[in-house]
$ cat start36.csv   # CSV, C-alpha atoms
chain,number,residue,atom,x,y,z
A,29,MET,CA,0.0,0.0,0.0
A,30,SER,CA,1.5,3.4,-1.0
A,31,ALA,CA,1.9,6.2,1.5
A,32,PRO,CA,-1.0,8.6,1.6
A,33,PHE,CA,1.2,11.7,1.0
A,34,ARG,CA,4.4,12.4,-1.0
A,35,VAL,CA,5.1,16.0,0.0
A,36,LEU,CA,4.9,17.9,3.3
A,37,SER,CA,3.9,21.5,3.3
A,38,LEU,CA,4.5,23.6,6.4
A,39,ASP,CA,3.2,27.0,7.5
A,40,LEU,CA,6.0,29.4,8.5
A,41,HIS,CA,4.9,31.8,11.3
A,42,ASP,CA,3.9,30.0,14.5
A,43,THR,CA,4.8,26.7,13.0
A,44,LEU,CA,8.4,26.8,11.9
A,45,VAL,CA,9.3,30.1,13.7
A,46,TRP,CA,7.7,32.6,16.0
A,47,ASP,CA,8.5,36.2,16.8
A,48,THR,CA,7.5,39.1,19.0
A,49,PRO,CA,6.4,42.7,18.3
A,50,ALA,CA,9.9,43.8,19.3
A,51,ILE,CA,11.6,41.4,16.8
A,52,VAL,CA,9.3,42.6,14.0
A,53,GLU,CA,10.0,46.3,14.9
A,54,ALA,CA,13.7,45.7,14.9
A,55,GLN,CA,13.5,44.0,11.6
A,56,TYR,CA,11.7,46.9,10.1
A,57,ASP,CA,14.3,49.3,11.4
A,58,VAL,CA,16.8,47.4,9.2
A,59,ARG,CA,14.5,47.4,6.3
A,60,TRP,CA,14.0,51.2,6.6
A,61,THR,CA,17.8,51.6,6.6
A,62,ALA,CA,18.0,49.5,3.4
A,63,LEU,CA,15.4,51.7,1.7
A,64,ALA,CA,17.0,54.9,3.0
A,65,HIS,CA,20.3,53.7,1.4
A,66,GLY,CA,18.6,52.9,-1.9
A,67,LEU,CA,16.4,55.9,-2.4
A,68,ARG,CA,16.9,59.6,-2.7
A,69,MET,CA,14.5,62.5,-2.5
A,70,SER,CA,14.1,64.7,-5.6
A,71,ASN,CA,16.6,67.3,-4.1
A,72,GLY,CA,19.2,64.5,-3.6
A,73,SER,CA,18.8,64.3,0.2
A,74,GLN,CA,18.6,60.9,1.9
A,75,VAL,CA,15.1,59.6,2.9
A,76,SER,CA,14.6,59.5,6.6
A,77,SER,CA,13.1,56.6,8.6
A,78,GLU,CA,10.2,58.9,9.6
A,79,GLN,CA,9.4,59.6,6.0
A,80,LEU,CA,9.5,55.9,5.2
A,81,ARG,CA,7.3,55.0,8.1
A,82,ALA,CA,4.8,57.6,7.1
A,83,ALA,CA,4.8,56.4,3.5
A,84,ARG,CA,4.3,52.8,4.6
A,85,LYS,CA,1.4,53.9,6.8
A,86,THR,CA,-0.2,55.6,3.8
A,87,LEU,CA,0.4,52.5,1.7
A,88,TYR,CA,-1.3,50.3,4.3
A,89,SER,CA,-4.3,52.7,4.2
A,90,GLU,CA,-4.4,52.6,0.4
A,91,LEU,CA,-4.2,48.8,0.3
A,92,LYS,CA,-6.9,48.5,2.9
A,93,SER,CA,-9.2,50.6,0.8
A,94,GLU,CA,-8.4,48.3,-2.1
A,95,GLY,CA,-9.2,45.3,0.0
A,96,ARG,CA,-5.6,44.0,-0.2
A,97,PRO,CA,-3.2,43.1,2.6
A,98,ILE,CA,0.4,44.1,2.2
A,99,GLU,CA,1.4,40.4,2.1
A,100,SER,CA,-0.4,40.1,-1.3
A,101,VAL,CA,1.7,42.8,-2.9
A,102,PRO,CA,4.9,41.7,-4.7
A,103,VAL,CA,8.0,43.1,-2.9
A,104,PRO,CA,9.1,45.2,-6.0
A,105,ASN,CA,5.6,46.8,-6.0
A,106,GLN,CA,5.8,47.5,-2.3
A,107,VAL,CA,9.1,49.3,-2.7
A,108,ASP,CA,8.0,51.2,-5.8
A,109,ARG,CA,4.8,52.4,-4.2
A,110,ILE,CA,6.7,53.6,-1.2
A,111,ARG,CA,9.1,55.4,-3.6
A,112,HIS,CA,6.3,57.0,-5.5
A,113,LEU,CA,4.6,58.2,-2.3
A,114,LEU,CA,7.8,59.8,-1.3
A,115,GLY,CA,8.4,61.3,-4.7
A,116,ALA,CA,11.9,59.7,-4.5
A,117,HIS,CA,14.1,58.1,-7.1
A,118,TYR,CA,16.4,55.0,-6.9
A,119,ALA,CA,19.9,55.7,-5.9
A,120,LEU,CA,21.0,52.1,-6.5
A,121,PRO,CA,19.9,49.4,-9.0
A,122,VAL,CA,16.2,48.5,-8.4
A,123,GLU,CA,17.0,44.8,-8.0
A,124,GLU,CA,19.5,45.6,-5.2
A,125,VAL,CA,17.1,47.8,-3.4
A,126,VAL,CA,14.3,45.3,-3.6
A,127,GLN,CA,16.5,42.4,-2.4
A,128,SER,CA,17.9,44.3,0.5
A,129,TYR,CA,14.4,45.3,1.6
A,130,ALA,CA,13.1,41.7,1.2
A,131,GLU,CA,15.9,40.2,3.3
A,132,GLY,CA,16.4,43.1,5.7
A,133,GLY,CA,16.4,42.3,9.4
A,134,LEU,CA,16.3,38.5,9.2
A,135,LYS,CA,20.0,38.1,9.8
A,136,GLU,CA,20.2,40.9,12.3
A,137,HIS,CA,17.0,40.1,14.3
A,138,PRO,CA,15.9,36.6,13.4
A,139,PRO,CA,12.7,35.1,14.5
A,140,VAL,CA,12.8,32.3,17.1
A,141,PHE,CA,13.1,28.9,15.6
A,142,ASN,CA,10.7,26.1,16.7
A,143,THR,CA,13.2,23.6,18.1
A,144,GLU,CA,11.1,20.8,16.6
A,145,ALA,CA,11.4,22.1,13.1
A,146,GLN,CA,14.9,21.3,12.0
A,147,PRO,CA,14.9,17.7,13.3
A,148,LEU,CA,11.6,17.1,11.4
A,149,VAL,CA,12.9,18.5,8.1
A,150,GLU,CA,16.2,16.7,8.5
A,151,PHE,CA,14.4,13.4,9.1
A,152,LEU,CA,12.3,13.9,6.0
A,153,ASN,CA,15.3,14.9,3.9
A,154,LYS,CA,17.0,11.7,4.8
A,155,ALA,CA,13.8,9.8,4.0
A,156,GLY,CA,13.8,11.5,0.5
A,157,PHE,CA,10.5,13.3,1.4
A,158,PRO,CA,10.3,16.8,-0.1
A,159,VAL,CA,9.4,19.7,2.3
A,160,ILE,CA,8.0,23.0,1.2
A,161,VAL,CA,6.8,26.1,3.1
A,162,ILE,CA,3.7,28.1,2.3
A,163,THR,CA,3.5,31.5,4.0
A,164,ASP,CA,1.8,34.8,4.1
A,165,THR,CA,4.6,37.4,4.3
A,166,SER,CA,5.7,40.8,3.2
A,167,ARG,CA,9.0,39.3,2.1
A,168,SER,CA,9.8,37.2,-0.9
A,169,GLY,CA,9.9,33.4,-0.8
A,170,SER,CA,13.5,33.4,-1.9
A,171,ALA,CA,14.5,35.6,1.1
A,172,TRP,CA,12.8,33.2,3.5
A,173,LYS,CA,14.4,30.2,1.7
A,174,VAL,CA,17.9,31.6,2.1
A,175,PHE,CA,17.3,32.4,5.8
A,176,LEU,CA,15.6,29.1,6.7
A,177,GLU,CA,18.3,27.0,4.9
A,178,GLY,CA,21.1,29.1,6.3
A,179,ALA,CA,20.3,30.1,9.9
A,180,GLY,CA,17.7,27.3,10.3
A,181,GLY,CA,19.7,24.5,8.7
A,182,MET,CA,16.6,23.3,6.8
A,183,ARG,CA,16.9,21.9,3.3
A,184,LEU,CA,13.6,22.9,1.6
A,185,ALA,CA,12.3,22.1,-1.9
A,186,ASP,CA,10.7,25.5,-2.1
A,187,VAL,CA,9.1,28.4,-0.2
A,188,VAL,CA,5.9,29.7,-1.7
A,189,ALA,CA,5.2,33.2,-0.5
A,190,SER,CA,2.0,35.2,-0.8
A,191,THR,CA,4.0,38.2,-2.2
A,192,ASP,CA,5.2,36.0,-5.1
A,193,VAL,CA,1.7,34.7,-5.9
A,194,GLY,CA,-0.3,37.8,-5.2
A,195,ALA,CA,-2.7,36.1,-2.9
A,196,CYS,CA,-2.8,35.2,0.8
A,197,LYS,CA,-4.1,32.1,2.5
A,198,PRO,CA,-6.8,30.7,2.5
A,199,ASP,CA,-7.0,31.8,-1.2
A,200,GLN,CA,-6.6,28.7,-3.3
A,201,ARG,CA,-4.1,30.4,-5.6
A,202,ILE,CA,-1.2,30.1,-3.1
A,203,PHE,CA,-1.9,26.5,-2.4
A,204,SER,CA,-2.4,25.7,-6.1
A,205,GLU,CA,1.0,27.4,-6.9
A,206,ALA,CA,2.7,25.2,-4.3
A,207,VAL,CA,1.1,22.1,-5.8
A,208,ARG,CA,2.2,23.2,-9.3
A,209,ARG,CA,5.8,23.7,-8.1
A,210,VAL,CA,6.1,20.3,-6.5
A,211,GLY,CA,4.5,18.5,-9.4
A,212,VAL,CA,2.3,16.1,-7.6
A,213,PRO,CA,-1.5,15.9,-7.2
A,214,ALA,CA,-2.9,18.1,-4.5
A,215,SER,CA,-4.2,15.1,-2.6
A,216,LYS,CA,-0.6,13.9,-2.2
A,217,VAL,CA,0.4,17.0,-0.3
A,218,LEU,CA,-0.1,17.4,3.5
A,219,HIS,CA,-0.2,20.9,4.8
A,220,VAL,CA,0.5,21.6,8.5
A,221,GLY,CA,-0.2,25.0,10.0
A,222,ASP,CA,-1.5,26.8,13.1
A,223,SER,CA,-4.6,28.4,11.7
A,224,TRP,CA,-7.8,26.5,11.1
A,225,THR,CA,-9.2,29.2,8.7
A,226,TRP,CA,-6.0,30.0,6.8
A,227,ASP,CA,-4.1,26.7,6.9
A,228,VAL,CA,-6.6,23.9,7.3
A,229,GLU,CA,-9.6,25.2,5.4
A,230,GLY,CA,-7.3,26.8,2.7
A,231,ALA,CA,-5.5,23.5,2.1
A,232,ARG,CA,-8.6,21.4,2.1
A,233,GLN,CA,-10.4,23.6,-0.3
A,234,SER,CA,-7.5,23.2,-2.6
A,235,GLY,CA,-7.6,19.4,-2.5
A,236,MET,CA,-4.7,19.0,-0.1
A,237,GLY,CA,-4.5,17.1,3.2
A,238,ALA,CA,-4.3,19.2,6.3
A,239,ALA,CA,-3.4,19.0,10.0
A,240,LEU,CA,-3.8,21.7,12.7
A,241,TYR,CA,-0.6,22.4,14.7
A,242,ARG,CA,-1.1,23.9,18.1
A,243,GLY,CA,2.4,23.7,19.5
A,244,LEU,CA,3.2,27.4,19.3
A,245,TRP,CA,-0.2,28.9,20.0
A,246,SER,CA,1.1,30.3,23.3
A,247,HIS,CA,3.4,32.5,21.4
A,248,SER,CA,0.8,34.0,19.2
A,249,TRP,CA,0.3,37.8,19.3
A,250,ASP,CA,-0.9,38.7,15.8
A,251,LEU,CA,-4.6,39.4,16.1
A,252,ASP,CA,-4.9,39.4,12.3
A,253,ASN,CA,-4.0,35.7,12.3
A,254,PRO,CA,-7.1,33.8,13.6
A,255,ARG,CA,-6.5,31.1,16.2
A,256,ASP,CA,-10.0,29.8,16.0
A,257,ASN,CA,-10.5,26.3,17.4
A,258,PRO,CA,-11.7,23.7,14.9
A,259,PRO,CA,-15.4,22.8,15.0
A,260,SER,CA,-15.9,20.1,17.6
A,261,ILE,CA,-18.0,18.1,15.1
A,262,ASP,CA,-15.2,18.0,12.5
A,263,LEU,CA,-12.9,15.2,13.6
A,264,SER,CA,-11.5,14.5,10.1
A,265,VAL,CA,-8.5,16.8,10.6
A,266,PRO,CA,-5.7,15.7,12.9
A,267,ARG,CA,-4.8,18.1,15.7
A,268,ILE,CA,-1.2,17.9,16.8
A,269,ASP,CA,0.9,19.6,19.5
A,270,HIS,CA,4.3,18.4,18.4
A,271,LEU,CA,5.9,18.3,14.9
A,272,SER,CA,7.3,14.9,15.8
A,273,GLU,CA,3.8,13.6,15.1
A,274,VAL,CA,4.0,14.6,11.5
A,275,PRO,CA,5.9,11.5,10.1
A,276,GLU,CA,3.1,9.2,11.2
A,277,LEU,CA,0.5,11.4,9.4
A,278,LEU,CA,2.7,11.1,6.3
A,279,GLY,CA,2.7,7.3,6.6
A,280,ILE,CA,6.4,7.2,7.3
A,281,PRO,CA,7.3,4.6,10.0

$ encode --input "start36.csv" --output "structure tokens"
Amino acid sequence: MSAPFRVLSLDLHDTLVWDTPAIVEAQYDVRWTALAHGLRMSNGSQVSSEQLRAARKTLYSELKSEGRPIESVPVPNQVDRIRHLLGAHYALPVEEVVQSYAEGGLKEHPPVFNTEAQPLVEFLNKAGFPVIVITDTSRSGSAWKVFLEGAGGMRLADVVASTDVGACKPDQRIFSEAVRRVGVPASKVLHVGDSWTWDVEGARQSGMGAALYRGLWSHSWDLDNPRDNPPSIDLSVPRIDHLSEVPELLGIP
């Protein structure tokens, strides 16, 4: 009898890593510095962090009126809209500015790694079982992949980011893109994440398997990420408290 799944998909925040408001704020300080280095005002002066924060606040308001979260906007578009709001121009190659903004702060102020994550990924790597990550993020998937493989020691087949797809979970487009990249039927992918609405329902509506991970719920602080408990009548989705339970769900002894 063949194994029920051939690929594991993991959520990022509050599954592989977790952070705090202080960590996120410190990361953005680095990102502002990157943009300040890469942009210049029309009179040639350097952009200040206060101007950048104000521009980003305006961008958030504009996106809210459009019904779009920042995580659904490609990183180059984020940077260019901030530049446009400031009336600034690029002082460095656009690709360099975008990359420094996408990666900024991860090395200097990394999120906290789930201590169960690296052993799970390493075990699955040795078993020849591909692992991908699906995440809502204001960064690019490539920025996260570099960080997770470097600082986290996790060898990943891919990181599918909402900014790269233009859609956030539970939108089926981000899950469908992940399935397309791994090249297997959706039913052969198990997605594990901490949100019933975003991870479980999103994955199941896309034809993937799903499991609810509760191990980092105590670290949650983002009110925009729903921690709703699953319906008591729905017992078809596994609830796990440790990532060490994942191999059994995958059918790996």

$ atom_distance --input "start36.csv" --atom1 "CA of Arg267 in chain A" --atom2 "CA of Ser37 in chain A"
15.5 Å

$ closest_residue --input "start36.csv" --among "A:Glu273, A:Gly211, A:Pro266, A:Ser248" --to "Val35 in chain A" --atoms "only C-alpha atoms"
A:Gly211

$ residues_around --input "start36.csv" --residues "Glu150 in chain A" --least-positions-apart "4" --cutoff "9 Å" --atoms "all atoms listed in the file" --output "PyMOL selection string"
chain A and resi 145-146+154-155+181-183

$ residues_near_point --input "start36.csv" --point "(-1.6, 19.8, 7.4)" --cutoff "6 Å" --atoms "only C-alpha atoms" --output "ChimeraX atom specification"
/A:218-221,237-239

$ closest_residue --input "start36.csv" --among "A:Leu87, A:Ile98, A:Met236, A:Leu134" --to "Leu114 in chain A" --atoms "all atoms listed in the file"
A:Leu87

$ residues_near_point --input "start36.csv" --point "(-6.8, 31.4, 4.6)" --cutoff "10 Å" --atoms "all atoms listed in the file" --output "list in words"
Asp164, Ala195, Cys196, Lys197, Pro198, Asp199, Gln200, Ile202, Phe203, Ser223, Trp224, Thr225, Trp226, Asp227, Val228, Glu229, Gly230, Ala231, Gln233, Asn253 and Pro254 of chain A

$ residues_around --input "start36.csv" --residues "range 50-64 of chain A" --least-positions-apart "5" --cutoff "8 Å" --atoms "all atoms listed in the file" --output "PyMOL selection string"
chain A and resi 74-77+80-81+125+128-134+136-139

$ write_last_selection --input "start36.csv" --atoms "C-alpha atoms" --output "PDB file, keeping the file's coordinate frame"
ATOM      1  CA  GLN A  74      18.600  60.900   1.900  1.00  0.00           C
ATOM      2  CA  VAL A  75      15.100  59.600   2.900  1.00  0.00           C
ATOM      3  CA  SER A  76      14.600  59.500   6.600  1.00  0.00           C
ATOM      4  CA  SER A  77      13.100  56.600   8.600  1.00  0.00           C
ATOM      5  CA  LEU A  80       9.500  55.900   5.200  1.00  0.00           C
ATOM      6  CA  ARG A  81       7.300  55.000   8.100  1.00  0.00           C
ATOM      7  CA  VAL A 125      17.100  47.800  -3.400  1.00  0.00           C
ATOM      8  CA  SER A 128      17.900  44.300   0.500  1.00  0.00           C
ATOM      9  CA  TYR A 129      14.400  45.300   1.600  1.00  0.00           C
ATOM     10  CA  ALA A 130      13.100  41.700   1.200  1.00  0.00           C
ATOM     11  CA  GLU A 131      15.900  40.200   3.300  1.00  0.00           C
ATOM     12  CA  GLY A 132      16.400  43.100   5.700  1.00  0.00           C
ATOM     13  CA  GLY A 133      16.400  42.300   9.400  1.00  0.00           C
ATOM     14  CA  LEU A 134      16.300  38.500   9.200  1.00  0.00           C
ATOM     15  CA  GLU A 136      20.200  40.900  12.300  1.00  0.00           C
ATOM     16  CA  HIS A 137      17.000  40.100  14.300  1.00  0.00           C
ATOM     17  CA  PRO A 138      15.900  36.600  13.400  1.00  0.00           C
ATOM     18  CA  PRO A 139      12.700  35.100  14.500  1.00  0.00           C
TER      19      PRO A 139
END

$ atom_distance --input "start36.csv" --atom1 "CA of His270 in chain A" --atom2 "CA of Glu99 in chain A"
27.5 Å

$ residues_around --input "start36.csv" --residues "Ala206 in chain A" --least-positions-apart "2" --cutoff "8 Å" --atoms "only C-alpha atoms" --output "PDB file with C-alpha atoms, in the frame of the given file"
ATOM      1  CA  ILE A 160       8.000  23.000   1.200  1.00  0.00           C
ATOM      2  CA  ILE A 162       3.700  28.100   2.300  1.00  0.00           C
ATOM      3  CA  VAL A 188       5.900  29.700  -1.700  1.00  0.00           C
ATOM      4  CA  ILE A 202      -1.200  30.100  -3.100  1.00  0.00           C
ATOM      5  CA  PHE A 203      -1.900  26.500  -2.400  1.00  0.00           C
ATOM      6  CA  SER A 204      -2.400  25.700  -6.100  1.00  0.00           C
ATOM      7  CA  ARG A 208       2.200  23.200  -9.300  1.00  0.00           C
ATOM      8  CA  ARG A 209       5.800  23.700  -8.100  1.00  0.00           C
ATOM      9  CA  VAL A 210       6.100  20.300  -6.500  1.00  0.00           C
TER      10      VAL A 210
END

$ closest_residue --input "start36.csv" --among "A:Gly72, A:Asp47, A:Ala189, A:Ile268" --to "His117 in chain A" --atoms "only C-alpha atoms"
A:Gly72

$ closest_residue --input "start36.csv" --among "A:Glu205, A:Glu276, A:Glu124, A:Asp222" --to "Leu240 in chain A" --atoms "all atoms listed in the file"
A:Asp222

$ closest_residue --input "start36.csv" --among "A:Val101, A:Val161, A:Ser246, A:Val217" --to "Ser234 in chain A" --atoms "only C-alpha atoms"
A:Val217

$ atom_distance --input "start36.csv" --atom1 "CA of Phe175 in chain A" --atom2 "CA of Lys92 in chain A"
29.2 Å

$ closest_residue --input "start36.csv" --among "A:Leu67, A:Leu36, A:Thr191, A:Glu144" --to "Pro104 in chain A" --atoms "only C-alpha atoms"
A:Thr191

$ decode --input "start36.csv" --residues "range 34-48 of chain A" --atoms "N, CA and C atoms" --output "PDB file, in the first residue's frame"
ATOM      1  N   ARG A  34       3.030  12.449  -0.444  1.00  0.00           N
ATOM      2  CA  ARG A  34       4.380  12.419  -1.035  1.00  0.00           C
ATOM      3  C   ARG A  34       5.162  13.697  -0.767  1.00  0.00           C
ATOM      4  N   VAL A  35       4.495  14.737  -0.288  1.00  0.00           N
ATOM      5  CA  VAL A  35       5.138  16.022  -0.003  1.00  0.00           C
ATOM      6  C   VAL A  35       4.550  16.590   1.282  1.00  0.00           C
ATOM      7  N   LEU A  36       5.409  17.188   2.114  1.00  0.00           N
ATOM      8  CA  LEU A  36       4.940  17.892   3.303  1.00  0.00           C
ATOM      9  C   LEU A  36       5.031  19.395   3.054  1.00  0.00           C
ATOM     10  N   SER A  37       3.954  20.094   3.341  1.00  0.00           N
ATOM     11  CA  SER A  37       3.919  21.548   3.291  1.00  0.00           C
ATOM     12  C   SER A  37       3.767  22.076   4.713  1.00  0.00           C
ATOM     13  N   LEU A  38       4.583  23.049   5.077  1.00  0.00           N
ATOM     14  CA  LEU A  38       4.539  23.626   6.412  1.00  0.00           C
ATOM     15  C   LEU A  38       4.239  25.119   6.351  1.00  0.00           C
ATOM     16  N   ASP A  39       3.423  25.573   7.272  1.00  0.00           N
ATOM     17  CA  ASP A  39       3.241  26.997   7.489  1.00  0.00           C
ATOM     18  C   ASP A  39       4.540  27.546   8.078  1.00  0.00           C
ATOM     19  N   LEU A  40       4.743  28.847   7.994  1.00  0.00           N
ATOM     20  CA  LEU A  40       5.970  29.447   8.523  1.00  0.00           C
ATOM     21  C   LEU A  40       5.782  30.014   9.926  1.00  0.00           C
ATOM     22  N   HIS A  41       5.058  31.121  10.029  1.00  0.00           N
ATOM     23  CA  HIS A  41       4.920  31.793  11.316  1.00  0.00           C
ATOM     24  C   HIS A  41       4.039  30.998  12.278  1.00  0.00           C
ATOM     25  N   ASP A  42       4.551  30.816  13.467  1.00  0.00           N
ATOM     26  CA  ASP A  42       3.897  30.049  14.531  1.00  0.00           C
ATOM     27  C   ASP A  42       3.782  28.567  14.199  1.00  0.00           C
ATOM     28  N   THR A  43       4.611  28.124  13.264  1.00  0.00           N
ATOM     29  CA  THR A  43       4.777  26.696  12.993  1.00  0.00           C
ATOM     30  C   THR A  43       6.273  26.384  12.943  1.00  0.00           C
ATOM     31  N   LEU A  44       6.982  26.978  11.993  1.00  0.00           N
ATOM     32  CA  LEU A  44       8.438  26.808  11.927  1.00  0.00           C
ATOM     33  C   LEU A  44       9.171  27.805  12.816  1.00  0.00           C
ATOM     34  N   VAL A  45       8.652  29.031  12.850  1.00  0.00           N
ATOM     35  CA  VAL A  45       9.278  30.091  13.651  1.00  0.00           C
ATOM     36  C   VAL A  45       8.191  30.884  14.364  1.00  0.00           C
ATOM     37  N   TRP A  46       8.626  31.655  15.354  1.00  0.00           N
ATOM     38  CA  TRP A  46       7.719  32.608  15.981  1.00  0.00           C
ATOM     39  C   TRP A  46       8.511  33.862  16.328  1.00  0.00           C
ATOM     40  N   ASP A  47       7.784  34.973  16.431  1.00  0.00           N
ATOM     41  CA  ASP A  47       8.470  36.210  16.753  1.00  0.00           C
ATOM     42  C   ASP A  47       7.659  37.030  17.743  1.00  0.00           C
ATOM     43  N   THR A  48       8.140  38.199  18.064  1.00  0.00           N
ATOM     44  CA  THR A  48       7.494  39.108  18.993  1.00  0.00           C
ATOM     45  C   THR A  48       7.361  40.465  18.320  1.00  0.00           C
TER      46      THR A  48
END
